[in-house]
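Student: Next up, final00.tsv (TSV, C-alpha atoms).
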```
chain	number	residue	atom	x	y	z
P	1	ASP	CA	0.00	0.00	0.00
P	2	GLY	CA	0.98	3.65	-0.59
P	3	VAL	CA	1.71	5.83	2.35
P	4	THR	CA	-1.55	6.47	4.17
P	5	VAL	CA	-1.74	10.26	4.40
P	6	LEU	CA	-5.26	10.97	3.28
P	7	PRO	CA	-8.07	10.85	5.85
P	8	ALA	CA	-10.48	7.99	5.31
P	9	PRO	CA	-13.95	8.87	3.98
P	10	GLN	CA	-16.51	9.29	6.75
P	11	ASN	CA	-20.27	9.00	7.22
P	12	LEU	CA	-20.86	6.08	4.87
P	13	SER	CA	-24.50	5.31	4.38
P	14	VAL	CA	-26.80	3.61	1.88
P	15	GLN	CA	-30.01	5.09	0.53
P	16	SER	CA	-32.13	2.44	-1.16
P	17	THR	CA	-35.42	3.00	-2.93
P	18	ASN	CA	-37.19	0.57	-5.26
P	19	MET	CA	-34.17	-1.70	-5.38
P	20	LYS	CA	-31.81	1.10	-6.45
P	21	HIS	CA	-29.03	1.32	-3.91
P	22	LEU	CA	-26.80	4.38	-3.52
P	23	LEU	CA	-23.79	4.38	-1.22
P	24	THR	CA	-22.74	7.88	-0.11
P	25	TRP	CA	-20.00	9.31	2.11
P	26	SER	CA	-18.53	12.63	3.13
P	27	PRO	CA	-15.98	13.80	0.59
P	28	VAL	CA	-12.29	13.99	1.41
P	29	THR	CA	-10.99	17.36	0.29
P	30	VAL	CA	-7.47	18.52	-0.58
P	31	PRO	CA	-7.50	22.04	-2.00
P	32	GLY	CA	-6.73	22.08	-5.70
P	33	GLU	CA	-6.63	18.29	-5.99
P	34	ILE	CA	-8.99	15.65	-7.39
P	35	ILE	CA	-9.64	12.79	-5.01
P	36	TYR	CA	-10.59	9.40	-6.39
P	37	TYR	CA	-12.45	6.79	-4.37
P	38	PHE	CA	-12.44	3.01	-4.57
P	39	VAL	CA	-15.49	1.06	-3.44
P	40	GLU	CA	-15.46	-2.64	-2.63
P	41	TYR	CA	-18.07	-5.07	-1.35
P	42	GLN	CA	-18.37	-8.45	0.30
P	43	GLY	CA	-21.46	-10.63	0.46
P	44	GLU	CA	-22.31	-12.85	3.39
P	45	TYR	CA	-20.61	-15.80	1.73
P	46	GLU	CA	-17.33	-13.98	1.32
P	47	SER	CA	-17.37	-12.62	4.84
P	48	LEU	CA	-18.05	-16.06	6.29
P	49	TYR	CA	-15.92	-18.27	4.04
P	50	MET	CA	-13.17	-15.99	2.68
P	51	SER	CA	-13.12	-12.76	4.64
P	52	HIS	CA	-9.91	-11.58	3.00
P	53	ILE	CA	-11.72	-11.33	-0.35
P	54	TRP	CA	-13.29	-7.99	-1.32
P	55	ILE	CA	-14.76	-7.38	-4.75
P	56	PRO	CA	-14.34	-4.05	-6.58
P	57	SER	CA	-17.64	-2.31	-7.23
P	58	SER	CA	-18.81	-2.48	-10.82
P	59	TRP	CA	-18.95	1.29	-11.33
P	60	CYS	CA	-16.81	2.87	-8.62
P	61	SER	CA	-13.30	1.53	-8.70
P	62	PRO	CA	-12.45	4.32	-9.11
P	63	THR	CA	-14.97	7.14	-8.96
P	64	GLU	CA	-14.68	10.91	-8.36
P	65	GLY	CA	-17.97	11.71	-6.66
P	66	PRO	CA	-18.66	10.93	-2.99
P	67	GLU	CA	-21.33	8.41	-3.99
P	68	CYS	CA	-21.64	5.08	-5.75
P	69	ASP	CA	-24.55	3.26	-7.37
P	70	ILE	CA	-24.07	-0.24	-5.98
P	71	THR	CA	-27.29	-1.65	-7.44
P	72	ASP	CA	-25.46	-4.00	-9.83
P	73	ASP	CA	-23.22	-5.26	-7.06
P	74	ILE	CA	-26.01	-6.29	-4.68
P	75	THR	CA	-27.28	-9.45	-6.35
P	76	ALA	CA	-28.45	-11.60	-3.47
P	77	THR	CA	-30.72	-11.05	-0.50
P	78	VAL	CA	-27.97	-11.29	2.09
P	79	PRO	CA	-26.09	-8.70	4.18
P	80	TYR	CA	-23.32	-6.96	2.23
P	81	LYS	CA	-20.30	-5.26	3.75
P	82	LEU	CA	-19.15	-2.14	1.88
P	83	ARG	CA	-15.96	-0.14	2.18
P	84	VAL	CA	-14.47	2.97	0.59
P	85	ARG	CA	-11.04	4.52	0.50
P	86	ALA	CA	-9.70	7.73	-0.99
P	87	THR	CA	-6.66	8.09	-3.21
P	88	LEU	CA	-4.58	11.01	-4.47
P	89	GLY	CA	-1.83	9.88	-6.74
P	90	SER	CA	0.11	7.29	-4.77
P	91	GLN	CA	-1.40	8.40	-1.52
P	92	THR	CA	-4.23	6.24	-0.20
P	93	SER	CA	-6.40	6.53	2.86
P	94	ALA	CA	-7.39	3.73	5.18
P	95	TRP	CA	-10.54	1.86	4.31
P	96	SER	CA	-13.80	3.05	5.82
P	97	THR	CA	-16.39	0.31	6.23
P	98	LEU	CA	-20.17	0.80	6.35
P	99	GLN	CA	-21.15	0.47	9.99
P	100	HIS	CA	-24.00	-1.96	9.41
P	101	PRO	CA	-24.02	-4.40	6.48
P	102	PHE	CA	-26.64	-3.55	3.88
P	103	ASN	CA	-29.36	-6.02	2.85
P	104	ARG	CA	-31.55	-5.22	-0.13
P	105	ASN	CA	-34.61	-6.43	1.70
P	106	SER	CA	-34.53	-3.07	3.52
P	107	THR	CA	-35.14	-1.10	0.33
P	108	ALA	CA	-37.99	1.44	0.49
P	109	LEU	CA	-40.79	0.52	-1.89
P	110	THR	CA	-42.90	3.41	-3.12
P	111	PRO	CA	-46.30	3.25	-4.78
P	112	PRO	CA	-45.70	3.05	-8.54
P	113	VAL	CA	-46.56	5.79	-10.98
P	114	MET	CA	-49.39	4.81	-13.27
P	115	GLU	CA	-51.30	6.37	-16.17
P	116	VAL	CA	-54.94	5.35	-16.45
P	117	THR	CA	-56.52	6.11	-19.83
P	118	LYS	CA	-59.53	5.20	-21.98
P	119	ASP	CA	-59.19	3.87	-25.45
P	120	GLY	CA	-62.77	4.04	-26.61
P	121	PHE	CA	-64.56	1.76	-24.13
P	122	HIS	CA	-61.31	0.13	-23.05
P	123	LEU	CA	-59.79	0.83	-19.64
P	124	VAL	CA	-56.03	0.92	-20.14
P	125	ILE	CA	-53.17	1.33	-17.71
P	126	LYS	CA	-49.54	2.16	-18.32
P	127	LEU	CA	-46.98	1.52	-15.56
P	128	GLU	CA	-43.49	2.93	-15.06
P	129	ASP	CA	-40.59	0.61	-15.83
P	130	LEU	CA	-38.88	-0.15	-12.51
P	131	GLY	CA	-36.74	-2.98	-13.83
P	132	PRO	CA	-36.93	-6.76	-14.04
P	133	GLN	CA	-37.23	-7.28	-10.31
P	134	PHE	CA	-40.72	-5.77	-10.22
P	135	GLU	CA	-44.20	-7.13	-10.78
P	136	PHE	CA	-47.32	-5.02	-10.49
P	137	LEU	CA	-50.54	-5.96	-8.79
P	138	VAL	CA	-53.32	-3.90	-10.38
P	139	ALA	CA	-56.69	-3.67	-8.62
P	140	TYR	CA	-59.65	-2.17	-10.51
P	141	TRP	CA	-63.34	-1.91	-9.92
P	142	ARG	CA	-66.49	-0.29	-11.18
P	143	ARG	CA	-67.37	2.63	-8.96
P	144	GLU	CA	-70.75	1.60	-7.59
P	145	PRO	CA	-71.94	0.20	-4.29
P	146	GLY	CA	-70.92	-3.42	-3.72
P	147	ALA	CA	-68.73	-3.53	-6.80
P	148	LYS	CA	-66.30	-6.43	-6.99
P	149	GLU	CA	-62.58	-5.63	-7.06
P	150	HIS	CA	-60.66	-7.34	-9.86
P	151	VAL	CA	-56.96	-8.01	-9.61
P	152	LYS	CA	-54.43	-8.45	-12.41
P	153	VAL	CA	-50.69	-9.22	-12.08
P	154	VAL	CA	-48.72	-7.31	-14.67
P	155	ARG	CA	-45.15	-8.29	-15.49
P	156	SER	CA	-44.71	-6.33	-18.68
P	157	ARG	CA	-43.05	-2.97	-18.17
P	158	GLY	CA	-43.68	0.43	-19.67
P	159	ILE	CA	-46.33	-0.72	-22.16
P	160	PRO	CA	-50.09	-0.15	-22.03
P	161	VAL	CA	-52.15	-2.99	-20.56
P	162	HIS	CA	-55.85	-3.51	-21.20
P	163	LEU	CA	-57.81	-4.00	-18.01
P	164	GLU	CA	-61.51	-3.96	-18.84
P	165	THR	CA	-64.08	-3.11	-21.44
P	166	MET	CA	-66.18	-0.44	-19.79
P	167	GLU	CA	-69.89	0.13	-19.96
P	168	PRO	CA	-71.10	3.52	-21.15
P	169	GLY	CA	-71.74	6.00	-18.34
P	170	ALA	CA	-70.01	3.89	-15.68
P	171	ALA	CA	-66.96	5.07	-13.72
P	172	TYR	CA	-64.04	2.75	-13.10
P	173	CYS	CA	-61.23	3.09	-10.58
P	174	VAL	CA	-57.72	1.66	-10.52
P	175	LYS	CA	-54.95	1.38	-7.95
P	176	VAL	CA	-51.63	-0.46	-8.14
P	177	GLN	CA	-48.81	-1.75	-5.95
P	178	THR	CA	-45.46	-3.30	-6.79
P	179	PHE	CA	-44.16	-6.71	-5.76
P	180	VAL	CA	-40.45	-7.49	-5.65
P	181	LYS	CA	-39.73	-11.21	-6.06
P	182	ALA	CA	-36.21	-11.15	-4.66
P	183	ILE	CA	-37.27	-9.77	-1.31
P	184	ARG	CA	-40.90	-10.94	-1.28
P	185	ARG	CA	-42.26	-7.49	-0.39
P	186	HIS	CA	-45.07	-5.25	-1.68
P	187	SER	CA	-45.16	-1.47	-1.93
P	188	PRO	CA	-48.13	0.46	-0.57
P	189	PHE	CA	-50.98	0.91	-3.04
P	190	SER	CA	-51.00	4.03	-5.16
P	191	GLN	CA	-53.82	6.54	-4.89
P	192	ALA	CA	-56.85	5.27	-6.82
P	193	GLU	CA	-57.54	6.95	-10.14
P	194	CYS	CA	-60.99	6.87	-11.68
P	195	VAL	CA	-62.21	7.41	-15.23
P	196	LYS	CA	-65.66	7.69	-16.67
P	197	VAL	CA	-66.31	6.60	-20.17
P	198	GLN	CA	-67.35	10.04	-21.31
P	199	GLY	CA	-65.80	12.06	-18.50
P	200	GLU	CA	-62.20	13.09	-17.61
P	201	THR	CA	-59.97	11.35	-15.03
P	202	LEU	CA	-61.59	12.03	-11.70
P	203	PRO	CA	-59.29	12.30	-8.69
P	204	LEU	CA	-60.84	10.51	-5.70
O	1	GLY	CA	-43.77	-14.50	-7.31
O	2	GLN	CA	-41.65	-17.45	-8.21
O	3	GLU	CA	-39.88	-19.67	-5.71
O	4	PHE	CA	-38.06	-22.98	-5.43
O	5	GLN	CA	-40.11	-25.94	-4.29
O	6	PHE	CA	-37.84	-28.94	-3.67
O	7	GLY	CA	-40.54	-31.30	-2.51
O	8	PRO	CA	-41.50	-30.10	0.97
O	9	CYS	CA	-38.65	-27.57	1.00
O	10	ARG	CA	-39.66	-24.14	-0.16
O	11	VAL	CA	-37.16	-21.35	-0.87
O	12	GLU	CA	-38.23	-17.79	-1.53
O	13	GLY	CA	-36.26	-14.65	-2.30
O	14	VAL	CA	-33.97	-16.02	-4.96
O	15	VAL	CA	-34.38	-14.93	-8.58
O	16	LEU	CA	-33.18	-17.78	-10.79
O	17	GLN	CA	-32.67	-15.37	-13.68
O	18	GLU	CA	-30.01	-13.56	-11.62
O	19	LEU	CA	-28.11	-16.83	-11.21
O	20	TRP	CA	-28.26	-17.60	-14.91
O	21	GLU	CA	-27.05	-14.12	-15.79
O	22	ALA	CA	-24.17	-14.46	-13.35
O	23	PHE	CA	-23.10	-17.82	-14.73
O	24	GLN	CA	-23.48	-16.78	-18.38
O	25	ALA	CA	-21.15	-13.84	-17.72
O	26	MET	CA	-18.30	-16.19	-16.79
O	27	LYS	CA	-19.25	-19.43	-18.50
O	28	ASP	CA	-16.83	-19.17	-21.44
O	29	ILE	CA	-13.88	-18.25	-19.22
O	30	VAL	CA	-14.56	-20.97	-16.66
O	31	GLN	CA	-15.41	-23.77	-19.07
O	32	ALA	CA	-12.38	-22.97	-21.26
O	33	LYS	CA	-10.17	-23.88	-18.30
O	34	ASP	CA	-11.67	-27.37	-18.05
O	35	ASN	CA	-9.36	-29.62	-20.05
O	36	ILE	CA	-10.82	-32.95	-18.95
O	37	THR	CA	-13.68	-33.26	-21.39
O	38	SER	CA	-14.15	-36.99	-20.89
O	39	VAL	CA	-15.43	-36.66	-17.35
O	40	ARG	CA	-18.72	-35.22	-16.12
O	41	LEU	CA	-19.28	-34.83	-12.39
O	42	LEU	CA	-23.02	-34.12	-12.47
O	43	ARG	CA	-23.81	-37.05	-14.68
O	44	LYS	CA	-27.20	-38.65	-15.38
O	45	GLU	CA	-27.05	-41.03	-12.44
O	46	VAL	CA	-26.75	-38.10	-10.06
O	47	LEU	CA	-29.61	-35.90	-11.30
O	48	GLN	CA	-31.99	-38.02	-13.35
O	49	ASN	CA	-35.33	-39.27	-12.01
O	50	VAL	CA	-34.95	-37.55	-8.65
O	51	SER	CA	-38.27	-37.55	-6.81
O	52	ASP	CA	-39.56	-34.31	-5.36
O	53	THR	CA	-39.06	-35.55	-1.84
O	54	GLU	CA	-35.54	-36.67	-2.55
O	55	SER	CA	-34.67	-33.38	-4.28
O	56	CYS	CA	-34.46	-31.43	-1.02
O	57	TYR	CA	-31.83	-33.77	0.42
O	58	LEU	CA	-29.85	-33.85	-2.80
O	59	ILE	CA	-29.82	-30.12	-3.53
O	60	ARG	CA	-28.80	-29.37	0.01
O	61	ALA	CA	-25.84	-31.75	-0.16
O	62	LEU	CA	-24.77	-30.42	-3.56
O	63	LEU	CA	-25.03	-26.74	-2.57
O	64	LYS	CA	-23.14	-27.27	0.67
O	65	PHE	CA	-20.40	-29.04	-1.29
O	66	TYR	CA	-20.22	-26.20	-3.77
O	67	LEU	CA	-20.08	-23.63	-0.96
O	68	ASN	CA	-17.53	-25.49	1.17
O	69	THR	CA	-15.33	-27.07	-1.46
O	70	VAL	CA	-15.85	-25.79	-4.99
O	71	PHE	CA	-16.33	-22.08	-4.45
O	72	LYS	CA	-14.19	-21.73	-1.39
O	73	ASN	CA	-10.86	-21.64	-3.15
O	74	SER	CA	-12.01	-20.56	-6.56
O	75	LEU	CA	-12.36	-16.89	-5.79
O	76	ASP	CA	-8.72	-16.57	-4.74
O	77	LYS	CA	-7.68	-17.62	-8.19
O	78	ALA	CA	-10.27	-15.48	-9.96
O	79	ALA	CA	-8.25	-12.42	-10.92
O	80	ASP	CA	-10.80	-11.35	-13.53
O	81	SER	CA	-13.27	-8.99	-11.79
O	82	ARG	CA	-16.12	-10.21	-14.01
O	83	ILE	CA	-15.62	-13.68	-12.58
O	84	ARG	CA	-15.38	-12.34	-9.04
O	85	LYS	CA	-18.65	-10.48	-9.40
O	86	SER	CA	-20.48	-13.42	-10.99
O	87	PHE	CA	-18.95	-15.76	-8.50
O	88	SER	CA	-20.18	-13.61	-5.64
O	89	THR	CA	-23.72	-13.61	-7.02
O	90	LEU	CA	-23.77	-17.39	-7.34
O	91	ALA	CA	-22.12	-18.08	-4.00
O	92	ASN	CA	-24.35	-15.72	-2.05
O	93	ASN	CA	-27.53	-16.99	-3.66
O	94	PHE	CA	-26.48	-20.63	-3.17
O	95	PHE	CA	-25.82	-19.64	0.43
O	96	VAL	CA	-29.36	-18.25	0.75
O	97	ILE	CA	-30.90	-21.39	-0.75
O	98	ALA	CA	-28.82	-23.80	1.33
O	99	SER	CA	-29.61	-21.95	4.54
O	100	LYS	CA	-33.35	-22.18	3.88
O	101	LEU	CA	-33.45	-25.91	3.07
O	102	GLN	CA	-34.68	-27.91	6.05
O	103	PRO	CA	-35.26	-31.48	4.88
O	104	SER	CA	-37.16	-33.75	7.25
O	105	GLN	CA	-35.01	-35.86	9.55
O	106	GLU	CA	-37.78	-38.30	10.44
O	107	LYS	CA	-37.06	-42.04	10.36
O	108	GLU	CA	-39.54	-42.84	7.65
O	109	MET	CA	-37.61	-40.55	5.33
O	110	PHE	CA	-34.41	-42.55	5.82
O	111	SER	CA	-34.64	-44.53	2.59
O	112	ILE	CA	-35.23	-41.37	0.59
O	113	SER	CA	-32.42	-39.46	2.22
O	114	GLU	CA	-30.18	-42.48	1.68
O	115	SER	CA	-31.01	-42.52	-1.99
O	116	ALA	CA	-30.12	-38.84	-2.21
O	117	ARG	CA	-26.88	-39.50	-0.32
O	118	ARG	CA	-25.91	-42.25	-2.76
O	119	ARG	CA	-26.46	-39.89	-5.66
O	120	PHE	CA	-24.38	-37.22	-3.97
O	121	LEU	CA	-21.59	-39.71	-3.26
O	122	LEU	CA	-21.43	-40.54	-6.99
O	123	PHE	CA	-20.76	-36.88	-7.62
O	124	GLN	CA	-18.31	-36.49	-4.74
O	125	ARG	CA	-16.27	-39.60	-5.69
O	126	ALA	CA	-15.99	-38.42	-9.27
O	127	PHE	CA	-14.79	-35.07	-7.90
O	128	GLN	CA	-12.22	-36.70	-5.63
O	129	GLN	CA	-10.77	-38.78	-8.44
O	130	LEU	CA	-9.48	-35.62	-10.10
O	131	ASP	CA	-6.73	-33.27	-9.06
O	132	ILE	CA	-8.37	-30.78	-6.69
O	133	GLN	CA	-7.87	-27.79	-8.93
O	134	ALA	CA	-9.08	-29.58	-12.03
O	135	ALA	CA	-12.06	-30.87	-10.07
O	136	GLN	CA	-12.98	-27.36	-8.81
O	137	THR	CA	-12.69	-25.97	-12.32
O	138	LYS	CA	-14.87	-28.74	-13.72
O	139	ALA	CA	-17.49	-28.44	-10.97
O	140	PHE	CA	-17.54	-24.67	-11.43
O	141	GLY	CA	-18.09	-25.15	-15.15
O	142	GLU	CA	-20.95	-27.56	-14.49
O	143	VAL	CA	-23.02	-24.96	-12.61
O	144	ASP	CA	-25.20	-24.67	-15.73
O	145	ILE	CA	-26.07	-28.37	-15.40
O	146	LEU	CA	-26.99	-27.75	-11.78
O	147	LEU	CA	-29.05	-24.65	-12.59
O	148	THR	CA	-30.88	-26.49	-15.37
O	149	TRP	CA	-31.83	-29.21	-12.91
O	150	MET	CA	-32.81	-26.67	-10.24
O	151	GLU	CA	-35.02	-24.89	-12.78
O	152	LYS	CA	-37.41	-27.86	-12.75
O	153	PHE	CA	-38.21	-26.99	-9.16
O	154	TYR	CA	-38.66	-23.26	-9.74
O	155	GLN	CA	-42.28	-22.33	-10.06
```
Let's see the structure in the file written out as structure tokens.

Tutor:
Amino acid sequence: DGVTVLPAPQNLSVQSTNMKHLLTWSPVTVPGEIIYYFVEYQGEYESLYMSHIWIPSSWCSPTEGPECDITDDITATVPYKLRVRATLGSQTSAWSTLQHPFNRNSTALTPPVMEVTKDGFHLVIKLEDLGPQFEFLVAYWRREPGAKEHVKVVRSRGIPVHLETMEPGAAYCVKVQTFVKAIRRHSPFSQAECVKVQGETLPL
Amino acid sequence: GQEFQFGPCRVEGVVLQELWEAFQAMKDIVQAKDNITSVRLLRKEVLQNVSDTESCYLIRALLKFYLNTVFKNSLDKAADSRIRKSFSTLANNFFVIASKLQPSQEKEMFSISESARRRFLLFQRAFQQLDIQAAQTKAFGEVDILLTWMEKFYQ
């Protein structure tokens, strides 16, 4: 190793939303110099069976910014250790390790964005593309007392999906939640959106 | 969502597609290192006609062997970061599966577990007849055979 002169990065933390994981830390600053950072990770297997092995992050070995998208590195639902060090030329800092290992099952799942439209008498929904990990559970119903709620699982992403052929004059409502297979968790439901065959989208 | 169902043993939270993608990323490199083309460790007698009930015993033994013997020393030699990353995905997901498999230990299951053990021993003996490094390389390269078999239990 080079002579350790640089201070180690501090305040490592992971922000994770909808299975996108961002590791951040406080930048190390040397006036007039560009600091590069190296990020490495270790899954539960490595830390139990071969703790000397650390794997360079896909996108951040090196990186300039005090953050790293580690989404592509976290590919199992196990605790991951993460560490960062700073470098300036031949100077390197000590490693800083994330205080608590990160597990993707702690990701925050938000209600998905949806677009409910009418195509003639057809009730159509379009869902945002959140990536291959996501399925969508779409609930829809005719807005009248005692109406039955229908449920459809949608795996296609970013393309319109036909839900129902509507009856003239009736209003239909839709809400949706995501399901992530790898962590077996649902998001909260989105706000319901209603449409009427002749009318405009009616907020609840 | 999909999950593994090895007879009574159910395993959630593993996306088989992630394992395939990891193996495909290193398959050519790993299999190119296997010079012993006349030998197959995971041969028909090990994996063919395995009953659902037996599958839980067998997959557990195989995964534990991969975790403890095949993978354990492979990563040291894997200088290529693509292999290290793919390796980590496979090892950690195998670790998740193995830790969730709880086959029944009841007496009446003895004949089934014994059958699974005999199958596993076929694999292990074939492994032990090779030089350790050649055997690890071959077993590593046969992960696609293992994944193909596991896929039958993914529903």

Student: So that I can see what lies close to Lys85 of chain O, please list as a VMD selection string the residues with an atom at most 9 Å from it, counting all atoms listed in the file and leaving out residues fewer than 5 positions away in the same chain.

Tutor: (chain P and resid 55 to 58 73) or (chain O and resid 22 80 90)

Student: Could you give me, as a tab-separated table, every chain P residue with an atom at most 9 Å from chain O, plus its closest atom pair and distance in Å to one decimal, counting only C-alpha atoms, rows ordered by chain then number?

Tutor:
```
residue	atom	partner	partner_atom	distance
P:Gln42	CA	O:Ser88	CA	8.1
P:Gly43	CA	O:Asn92	CA	6.4
P:Glu44	CA	O:Asn92	CA	6.5
P:Tyr45	CA	O:Asn92	CA	5.3
P:Glu46	CA	O:Ser88	CA	7.5
P:Tyr49	CA	O:Lys72	CA	6.7
P:Met50	CA	O:Lys72	CA	7.1
P:Ile53	CA	O:Asp76	CA	7.5
P:Ile55	CA	O:Arg84	CA	6.6
P:Pro56	CA	O:Ser81	CA	7.3
P:Ser57	CA	O:Lys85	CA	8.5
P:Ser58	CA	O:Lys85	CA	8.1
P:Asp73	CA	O:Lys85	CA	7.3
P:Ile74	CA	O:Thr89	CA	8.0
P:Thr75	CA	O:Thr89	CA	5.5
P:Ala76	CA	O:Asn93	CA	5.5
P:Thr77	CA	O:Gly13	CA	6.8
P:Val78	CA	O:Asn92	CA	7.1
P:Gln133	CA	O:Val15	CA	8.3
P:Glu135	CA	O:Gly1	CA	8.2
P:Phe179	CA	O:Gly1	CA	8.0
P:Val180	CA	O:Gly1	CA	7.9
P:Lys181	CA	O:Gly1	CA	5.4
P:Ala182	CA	O:Gly13	CA	4.2
P:Ile183	CA	O:Gly13	CA	5.1
P:Arg184	CA	O:Gly13	CA	6.0
```

Student: If you measure from atom CA of Asp28 of chain O to atom CA of Ile83 of chain O, what distance in Å do you get, rounded to one decimal?

Tutor: 10.5 Å

Student: Would you please work out which residue, of P:Phe121, P:Phe134, P:Phe189, P:Trp95, is nearest to Leu163 of chain P when using all atoms listed in the file?

Tutor: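 The answer is P:Phe121, which sits nearest to Leu163 of chain P.
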
Student: With all atoms listed in the file as the counted atoms, please give the residues lying no more than 12 Å from Glu193 of chain P, apart from itself and same-chain residues fewer than 6 positions off, as a PDB file with C-alpha atoms, in the coordinates of the input.

Tutor:
```
ATOM      1  CA  VAL P 113     -46.560   5.790 -10.980  1.00  0.00           C
ATOM      2  CA  MET P 114     -49.390   4.810 -13.270  1.00  0.00           C
ATOM      3  CA  GLU P 115     -51.300   6.370 -16.170  1.00  0.00           C
ATOM      4  CA  VAL P 116     -54.940   5.350 -16.450  1.00  0.00           C
ATOM      5  CA  THR P 117     -56.520   6.110 -19.830  1.00  0.00           C
ATOM      6  CA  LEU P 123     -59.790   0.830 -19.640  1.00  0.00           C
ATOM      7  CA  VAL P 124     -56.030   0.920 -20.140  1.00  0.00           C
ATOM      8  CA  ILE P 125     -53.170   1.330 -17.710  1.00  0.00           C
ATOM      9  CA  VAL P 138     -53.320  -3.900 -10.380  1.00  0.00           C
ATOM     10  CA  ALA P 139     -56.690  -3.670  -8.620  1.00  0.00           C
ATOM     11  CA  TYR P 140     -59.650  -2.170 -10.510  1.00  0.00           C
ATOM     12  CA  TRP P 141     -63.340  -1.910  -9.920  1.00  0.00           C
ATOM     13  CA  ARG P 142     -66.490  -0.290 -11.180  1.00  0.00           C
ATOM     14  CA  ARG P 143     -67.370   2.630  -8.960  1.00  0.00           C
ATOM     15  CA  ALA P 171     -66.960   5.070 -13.720  1.00  0.00           C
ATOM     16  CA  TYR P 172     -64.040   2.750 -13.100  1.00  0.00           C
ATOM     17  CA  CYS P 173     -61.230   3.090 -10.580  1.00  0.00           C
ATOM     18  CA  VAL P 174     -57.720   1.660 -10.520  1.00  0.00           C
ATOM     19  CA  LYS P 175     -54.950   1.380  -7.950  1.00  0.00           C
ATOM     20  CA  VAL P 176     -51.630  -0.460  -8.140  1.00  0.00           C
ATOM     21  CA  GLU P 200     -62.200  13.090 -17.610  1.00  0.00           C
ATOM     22  CA  THR P 201     -59.970  11.350 -15.030  1.00  0.00           C
ATOM     23  CA  LEU P 202     -61.590  12.030 -11.700  1.00  0.00           C
ATOM     24  CA  PRO P 203     -59.290  12.300  -8.690  1.00  0.00           C
ATOM     25  CA  LEU P 204     -60.840  10.510  -5.700  1.00  0.00           C
TER      26      LEU P 204
END
```

Student: Would you compute the distance between atom CA of Thr69 of chain O and atom CA of Glu106 of chain O? Give it in Å to one decimal.

Tutor: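 One can read the atom CA of Thr69 of chain O to atom CA of Glu106 of chain O distance as 27.8 Å.
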
Student: Around all listed atoms of segment 184-191 of chain P, padded 5 Å per side, what centre and edge lengths does the axis-aligned box have in Å to one decimal, as JSON?

Tutor:
```
{"center_x": -47.4, "center_y": -2.2, "center_z": -2.8, "size_x": 22.9, "size_y": 27.5, "size_z": 14.8}
```

Student: Which protein, DNA or RNA residues have an atom at most 12 Å from (-19.0, -40.3, -3.8), counting all atoms listed in the file? List them as a list in words.

Tutor: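 Result, sorted by chain then residue number: Leu41, Leu42, Glu45, Val46, Ala61, Leu62, Phe65, Ala116, Arg117, Arg118, Arg119, Phe120, Leu121, Leu122, Phe123, Gln124, Arg125, Ala126, Phe127, Gln128 and Gln129 of chain O.
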
Student: What is the distance, in Å and to one decimal place, between atom CA of Pro66 of chain P and atom CA of Tyr37 of chain P?

Tutor: 7.6 Å

Student: Find the residues around Ser113 of chain O up to 9 Å (only C-alpha atoms counted), leave out those fewer than 4 positions away in its own chain, and share them as a ChimeraX atom specification.

Tutor: /O:53-54,56-58,103-105,109,117-118

Student: I want to know what sits within 6 Å of segment 140-155 of chain O, based on all atoms listed in the file, with residues of the same chain fewer than 2 positions away left out; could you give that as number ranges by chain?

Tutor: O: 2-6, 30-31, 136-138

Student: Pick out the residues sitting within 8 Å of Glu67 of chain P, and hand them over as an NGL selection string; count only C-alpha atoms, and ignore anything fewer than 6 positions along from it in its own chain.

Tutor: :P and (22-25)
